[in-house]
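S.K.: Mind looking over this structure? Questions follow.
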Amino acid sequence: MTTKHDDVTPLDEGERDDLTVAAVTIGRRGLLRAAALGGIGLGVLGALTETVAAASQPATTTPTGPTKQWCMIIDLRLCNGCRLCTTACQTAHYLHEDQTWMNVYTMQNAAGEDYYMPRPCMMCEDPACVPVCPVGANFRTDEGLVLVDQNKCIGTRICMNACPYDARYFNWTQPVPAPRQPFKQEPEWPVPQVIGTVGKCVNCAAMLPSGQLPECVTNCPMGVLYFGDLTSDVAVNGMGATIKISTYLAENDAVVFKEEYGTHPRVYYIPGHGQDLNNNPSAS
Amino acid sequence: MTDVLDPIAERRVATPGDAGLRAVAMRPVLETPGWWWPTVVVLGAVVVLGVVAWVYQVANGLGTAGYNDGAFWAIYEANLVAFIGVSYGGAVVSAILRLTHAEWRAPLTRIAEATALVTLPIGMIFIIPHLGSPGKVWELVWPTYWNLSSPILWDFFAVSTYLLATIVFFYLPLIPDAAIALERFDLEPTSGRLRVRQSIYRVLVGRFTGTPGERRRLNGAIGLVAIMIIPMAVSVHSVLSFAFASSSRAGYMETILPVYFVVAALYSGVALVVLSVAASRRLFHLEAFITPRHFVRLGFLMIAFGAAYLYLTFTEYLIDGYSGTTGASAWVYQIVAGRYAIPFWLYFFAGGVLPLVIMAFRRLRTTTGVVVASTLVVLSLWIKRLVIVIPPATEPLVNSPLKSAGVLAGNWGTYHFTWVPISITVAATAAIPLLLLVVFRFFPILSMAEIEEIDDAHERANVGEVGA
């Protein structure tokens, strides 16, 4: 696959195997069996090593481990840049206008046409923001969510320095006041925001246990955003479409943003293939 | 021969009103010049205004200091680096010159060490306005939430350790001086003010009586601390640079950064020592002990670091600009020819080239010349710290590479200077002379024991020559 966006790096062959294998339980067993039969070349042996490594991680079928590994898939081909995801998120979480848990960037392809790139928190498997915090206010849950503890955050902003995705912002002034919330004020639902602390997308973590999708996903009228679970290999978008993650990512040449930074994001982008869907009314 | 030795012997005389070493060194402690109280009140008022600005910031958020998501680090972080940086002068002049047996240092050491002693805590205080939630600063002090993988926590450890070492390094050479001062007080009619100092000196002196054995052990201890304080000083600015460098941002992620920070600190540190020595010399009439020669020597020491710093600046921007990865070349462009060009070139000429020129020509290398050069260095190195801290913090990280001219034209953030951080910065600057005035009210401004020891050594050498 050739991509024209330098910022969005395509997964190479090994990485794509890795992604698929780590994601799919049944697929992995199949791969193991195939590998045991010995009919597969070196590339798959590499994948096998990855499989063994993946098997020791929490994302497995062990009954004691977490049952969910949240991820997001963003189909850039469908985004028309309406930014309803951003406003829905800001309304739900009582954020200032410039506090973007979900930001939509206007990008440009090689043909000079605009396209749009939604950017939530990448929920990295190796987040750059977590190790740098002097008081451990950033942490990653067993279900793969990177969260901020408002009570611990002292506001050094070194996590804003570390994040390669500009996904963090700071409460420079008094936050938007929020009425009584359906959830406790905790890292999973940091509403209202706290002055002098850092904030970022939490994938609406408090809503997930009851089966609700994040606000941005629910409110996307184009069905751009899929939210899913790598353990069960299923993701859905706000239009009700359901996909099998492993197949969808492989078939659509999924990429992750700034792969070279080694953060292993759990947000996968389906690049726009030259933006031939003509979803931008201003481009002819 | 006796004619040469006479002035030295004269200095020992410790009667009130004479111009000997002990009298000159003790004068700021014993007498209150007319300008002292007005100066302290004015400087104190400036400091109070800074505290008021900080209270306003705490109530209304860091946004009042001009910060925003497009510029998450700016003036406070630069001040943290700059003020801790100028404290390096104390370590250099005192420790390095002591270890290299540069005897001309002797009249400067107390002033240099006192400058380090007051600038380091002032620099550390910038941690407080830097934090978004200063009420939770105890989390850095108390280990409950410590995250040992964070460079900021290690900054805190390194600076705290260095502060402790600086206090010890100020204290040890003070012991024999306090003993001398106690003797001196016996000649004075005891007043309440002096009795306070007397009891402070008694505590400082402890059981030190000045026997040769004690002197030897004390000098051994000072030498040991002098050796220890140098790697500590290096570690402080190195670790401080890690807080910036431990990221993937162009301009922060530089292997050169620790060296760059340390050399900048030494450079500006020596410059500040020049300024505080010059001011003390004028205000406390130390001309008999601190000569124009001292300034020229300090000036040479300063520009040695200055030349090294220019070289590092050159290599940093050349390599990053030349290798041309998208982020790095955009950053270099913004500094050299873009939105940060004016402050950068201001540093380059005022803080890089001009001091070299001043020190290069015999006619310019006067006391005034060195003081002018040092002033330029201190101010422009502060500007240079802003140029180090602000550009990468305003870098847009999500950019369409194809969007007209790429990141060069990208949506860079902007830091807006407001009255709040400016007041706090001015207050911190005023706190340096304020605290120095207070320190010299309590402790002899010259290291009497050190000067006498070196004089004694010369005397012995001279006597030896005569005898031979």
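We label chains A, B, ... in the order they appear in the structure tokens, count residues from 1 in each chain, and number ligands from 1 in the order shown.
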Report as a PyMOL selection string the set of chain B residues whose atoms approach chain A to within 9 Å, with distances computed over only C-alpha atoms.
M.R.: chain B and resi 58+60-64+67-70+72-73+127+130-137+139-140+143-154+243-244+246-249+392-393+396-404
S.K.: Please identify all polymer residues within 9 Å of Phe183 (chain A), counting only C-alpha atoms, omitting same-chain residues fewer than 4 positions from it, and present them as JSON, numbers by chain.
M.R.: {"A": [188, 189, 191, 206, 207]}
S.K.: Please determine, counting only C-alpha atoms, which residue among B:Gly269, B:Gly327, B:Gly206, B:Gly413 has the shortest atom-to-atom distance to Pro176 (chain B).
M.R.: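 Under the stated criterion, the closest residue is B:Gly206.
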S.K.: Would you work out the distance separating CA of Met359 (chain B) from CA of Ala265 (chain B), expressed in Å to one decimal?
M.R.: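 Value for the CA of Met359 (chain B)-CA of Ala265 (chain B) distance: 19.5 Å.
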S.K.: Which residues are close to Val259 (chain B), i.e. within 12 Å by only C-alpha atoms, leaving aside same-chain residues fewer than 2 positions away? Reply as a ChimeraX atom specification.
M.R.: /B:233-242,245,254-257,261-266,305,308-309,311-313,316
S.K.: Atoms to include: C-alpha atoms. Write the selected residues as a PDB file, in the first residue's frame.
M.R.:
ATOM      1  CA  ALA B 233      26.729  21.106  39.858  1.00  0.00           C
ATOM      2  CA  VAL B 234      27.141  19.259  36.577  1.00  0.00           C
ATOM      3  CA  SER B 235      24.390  16.816  37.533  1.00  0.00           C
ATOM      4  CA  VAL B 236      21.921  19.577  38.443  1.00  0.00           C
ATOM      5  CA  HIS B 237      21.835  21.197  35.032  1.00  0.00           C
ATOM      6  CA  SER B 238      22.158  17.883  33.209  1.00  0.00           C
ATOM      7  CA  VAL B 239      19.129  16.470  34.974  1.00  0.00           C
ATOM      8  CA  LEU B 240      17.331  19.776  34.485  1.00  0.00           C
ATOM      9  CA  SER B 241      17.895  19.387  30.757  1.00  0.00           C
ATOM     10  CA  PHE B 242      16.484  15.835  30.869  1.00  0.00           C
ATOM     11  CA  ALA B 245      15.077  16.277  26.426  1.00  0.00           C
ATOM     12  CA  GLU B 254      18.844  16.808  21.769  1.00  0.00           C
ATOM     13  CA  THR B 255      21.784  14.808  23.062  1.00  0.00           C
ATOM     14  CA  ILE B 256      23.700  18.087  23.283  1.00  0.00           C
ATOM     15  CA  LEU B 257      21.227  19.547  25.780  1.00  0.00           C
ATOM     16  CA  PHE B 261      22.821  23.600  29.900  1.00  0.00           C
ATOM     17  CA  VAL B 262      25.910  23.096  32.063  1.00  0.00           C
ATOM     18  CA  VAL B 263      28.107  25.379  29.953  1.00  0.00           C
ATOM     19  CA  ALA B 264      25.408  28.072  29.834  1.00  0.00           C
ATOM     20  CA  ALA B 265      25.129  27.873  33.607  1.00  0.00           C
ATOM     21  CA  LEU B 266      28.880  28.249  34.086  1.00  0.00           C
ATOM     22  CA  PHE B 305      32.792  29.407  28.819  1.00  0.00           C
ATOM     23  CA  ALA B 308      32.396  27.075  24.369  1.00  0.00           C
ATOM     24  CA  TYR B 309      28.746  28.056  24.493  1.00  0.00           C
ATOM     25  CA  TYR B 311      30.466  26.649  19.680  1.00  0.00           C
ATOM     26  CA  LEU B 312      27.727  24.423  21.122  1.00  0.00           C
ATOM     27  CA  THR B 313      25.049  26.777  19.794  1.00  0.00           C
ATOM     28  CA  GLU B 316      23.298  22.385  17.594  1.00  0.00           C
TER      29      GLU B 316
END
S.K.: Using only C-alpha atoms, which residues sit within 12 Å of Phe208 (chain B) once same-chain residues fewer than 4 positions away are excluded, as a list in words?
M.R.: Leu172, Pro173, Leu174, Ile175, Pro176, Asp177, Ala178, Ala179, Ile180, Leu182, Tyr201, Arg202, Val203, Leu204, Pro212, Gly213, Glu214, Arg215, Arg216, Arg217 and Leu218 of chain B
S.K.: Could those selected residues go to a file with C-alpha atoms, as a PDB file, in the first residue's frame?
M.R.:
ATOM      1  CA  LEU B 172      32.926  25.447  56.218  1.00  0.00           C
ATOM      2  CA  PRO B 173      35.170  28.392  55.238  1.00  0.00           C
ATOM      3  CA  LEU B 174      33.055  30.543  57.544  1.00  0.00           C
ATOM      4  CA  ILE B 175      34.125  28.644  60.666  1.00  0.00           C
ATOM      5  CA  PRO B 176      37.587  30.256  61.098  1.00  0.00           C
ATOM      6  CA  ASP B 177      36.119  33.635  60.101  1.00  0.00           C
ATOM      7  CA  ALA B 178      33.459  33.346  62.754  1.00  0.00           C
ATOM      8  CA  ALA B 179      36.212  32.612  65.252  1.00  0.00           C
ATOM      9  CA  ILE B 180      38.061  35.743  64.141  1.00  0.00           C
ATOM     10  CA  LEU B 182      34.191  36.572  67.890  1.00  0.00           C
ATOM     11  CA  TYR B 201      28.981  32.849  65.463  1.00  0.00           C
ATOM     12  CA  ARG B 202      29.294  30.797  68.645  1.00  0.00           C
ATOM     13  CA  VAL B 203      27.005  28.197  67.117  1.00  0.00           C
ATOM     14  CA  LEU B 204      28.901  28.285  63.804  1.00  0.00           C
ATOM     15  CA  PRO B 212      47.033  23.877  63.224  1.00  0.00           C
ATOM     16  CA  GLY B 213      45.532  20.382  63.384  1.00  0.00           C
ATOM     17  CA  GLU B 214      42.022  21.756  63.213  1.00  0.00           C
ATOM     18  CA  ARG B 215      42.952  24.044  60.358  1.00  0.00           C
ATOM     19  CA  ARG B 216      44.394  21.113  58.446  1.00  0.00           C
ATOM     20  CA  ARG B 217      41.299  18.999  58.958  1.00  0.00           C
ATOM     21  CA  LEU B 218      39.037  21.906  58.024  1.00  0.00           C
TER      22      LEU B 218
END
S.K.: Would you list, as a list of chain:residue names, the residues of region 79-169 of chain A that end up in strand (DSSP E) under DSSP run on this structure's backbone?
M.R.: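 Strand (DSSP E) assignments inside region 79-169 of chain A correspond to A:Asn103, A:Val104, A:Tyr105, A:Thr106, A:Met107, A:Gln108, A:Asp114, A:Tyr115, A:Tyr116, A:Met117, A:Pro118, A:Arg119, A:Asn138, A:Phe139, A:Arg140, A:Val146, A:Leu147, A:Val148, A:Tyr169.
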S.K.: Can you write just those residues out, C-alpha atoms, as a PDB file, in the first residue's frame?
M.R.:
ATOM      1  CA  ASN A 103      -9.776  17.184  17.867  1.00  0.00           C
ATOM      2  CA  VAL A 104     -10.359  17.182  14.100  1.00  0.00           C
ATOM      3  CA  TYR A 105      -7.390  18.396  12.078  1.00  0.00           C
ATOM      4  CA  THR A 106      -7.655  19.629   8.518  1.00  0.00           C
ATOM      5  CA  MET A 107      -4.975  17.887   6.493  1.00  0.00           C
ATOM      6  CA  GLN A 108      -4.005  17.972   2.862  1.00  0.00           C
ATOM      7  CA  ASP A 114      -8.296  18.809   2.210  1.00  0.00           C
ATOM      8  CA  TYR A 115      -9.180  15.820   4.296  1.00  0.00           C
ATOM      9  CA  TYR A 116      -9.966  15.555   7.957  1.00  0.00           C
ATOM     10  CA  MET A 117      -8.259  13.631  10.680  1.00  0.00           C
ATOM     11  CA  PRO A 118     -10.018  13.101  14.011  1.00  0.00           C
ATOM     12  CA  ARG A 119      -7.538  12.712  16.877  1.00  0.00           C
ATOM     13  CA  ASN A 138      -0.795   9.186  34.649  1.00  0.00           C
ATOM     14  CA  PHE A 139      -1.510   5.485  34.535  1.00  0.00           C
ATOM     15  CA  ARG A 140      -2.681   2.776  32.173  1.00  0.00           C
ATOM     16  CA  VAL A 146      -4.443   5.755  29.701  1.00  0.00           C
ATOM     17  CA  LEU A 147      -5.970   8.000  32.373  1.00  0.00           C
ATOM     18  CA  VAL A 148      -5.062  11.007  34.527  1.00  0.00           C
ATOM     19  CA  TYR A 169      -4.251  20.200  27.239  1.00  0.00           C
TER      20      TYR A 169
END
S.K.: Out of region 82-270 of chain A, which residues get alpha helix (DSSP H) from DSSP, as number ranges by chain?
M.R.: A: 84-93, 129-132, 158-162, 215-218, 245-251
S.K.: Find the spatial neighbours of Val224 (chain A), counting only C-alpha atoms, within a cut-off of 8 Å - ignore same-chain residues fewer than 5 positions away - and output them as number ranges by chain.
M.R.: A: 74-79, 217, 237
S.K.: Could those residues be written to a file, using C-alpha atoms, as an mmCIF file, in the first residue's frame?
M.R.:
data_model
loop_
_atom_site.group_PDB
_atom_site.id
_atom_site.type_symbol
_atom_site.label_atom_id
_atom_site.label_comp_id
_atom_site.auth_asym_id
_atom_site.auth_seq_id
_atom_site.Cartn_x
_atom_site.Cartn_y
_atom_site.Cartn_z
ATOM 1 C CA ILE A 74 -11.109 5.802 12.487
ATOM 2 C CA ASP A 75 -12.111 5.547 8.854
ATOM 3 C CA LEU A 76 -10.573 8.659 7.306
ATOM 4 C CA ARG A 77 -12.415 7.976 4.038
ATOM 5 C CA LEU A 78 -15.714 8.891 5.617
ATOM 6 C CA CYS A 79 -14.885 11.961 7.710
ATOM 7 C CA VAL A 217 -18.622 7.640 18.406
ATOM 8 C CA ASN A 237 -19.755 2.732 15.031
#
S.K.: Quick one: distance from CA of Ile128 (chain B) to CA of Glu186 (chain A) in Å, one decimal?
M.R.: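 Those two atoms sit 25.6 Å apart.
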S.K.: When you draw a straight line from CA of Leu108 (chain B) to CA of Val372 (chain B), how long is it in Å?
M.R.: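 Calculated distance between CA of Leu108 (chain B) and CA of Val372 (chain B) is 18.8 Å.
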S.K.: For Ala271 (chain B), find every residue with an atom within 10 Å (counting only C-alpha atoms), except residues of its own chain fewer than 6 positions away, and show them as a list of chain:residue names.
M.R.: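 Final neighbour list, sorted by chain and number: B:Val86, B:Tyr88, B:Gly89, B:Ala265, B:Val277, B:Leu298, B:Gly299, B:Leu301, B:Met302, B:Ile303, B:Gly306, B:Val370, B:Val371, B:Val372, B:Ala373, B:Ser374, B:Thr375, B:Leu376, B:Val377, B:Val378, B:Leu379.
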S.K.: Taking only C-alpha atoms into account, which of A:Cys89, A:Cys201, A:Leu230, A:Met102 comes nearest Trp70 (chain A)?
M.R.: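 Using only C-alpha atoms, Trp70 (chain A) sits closest to A:Leu230.
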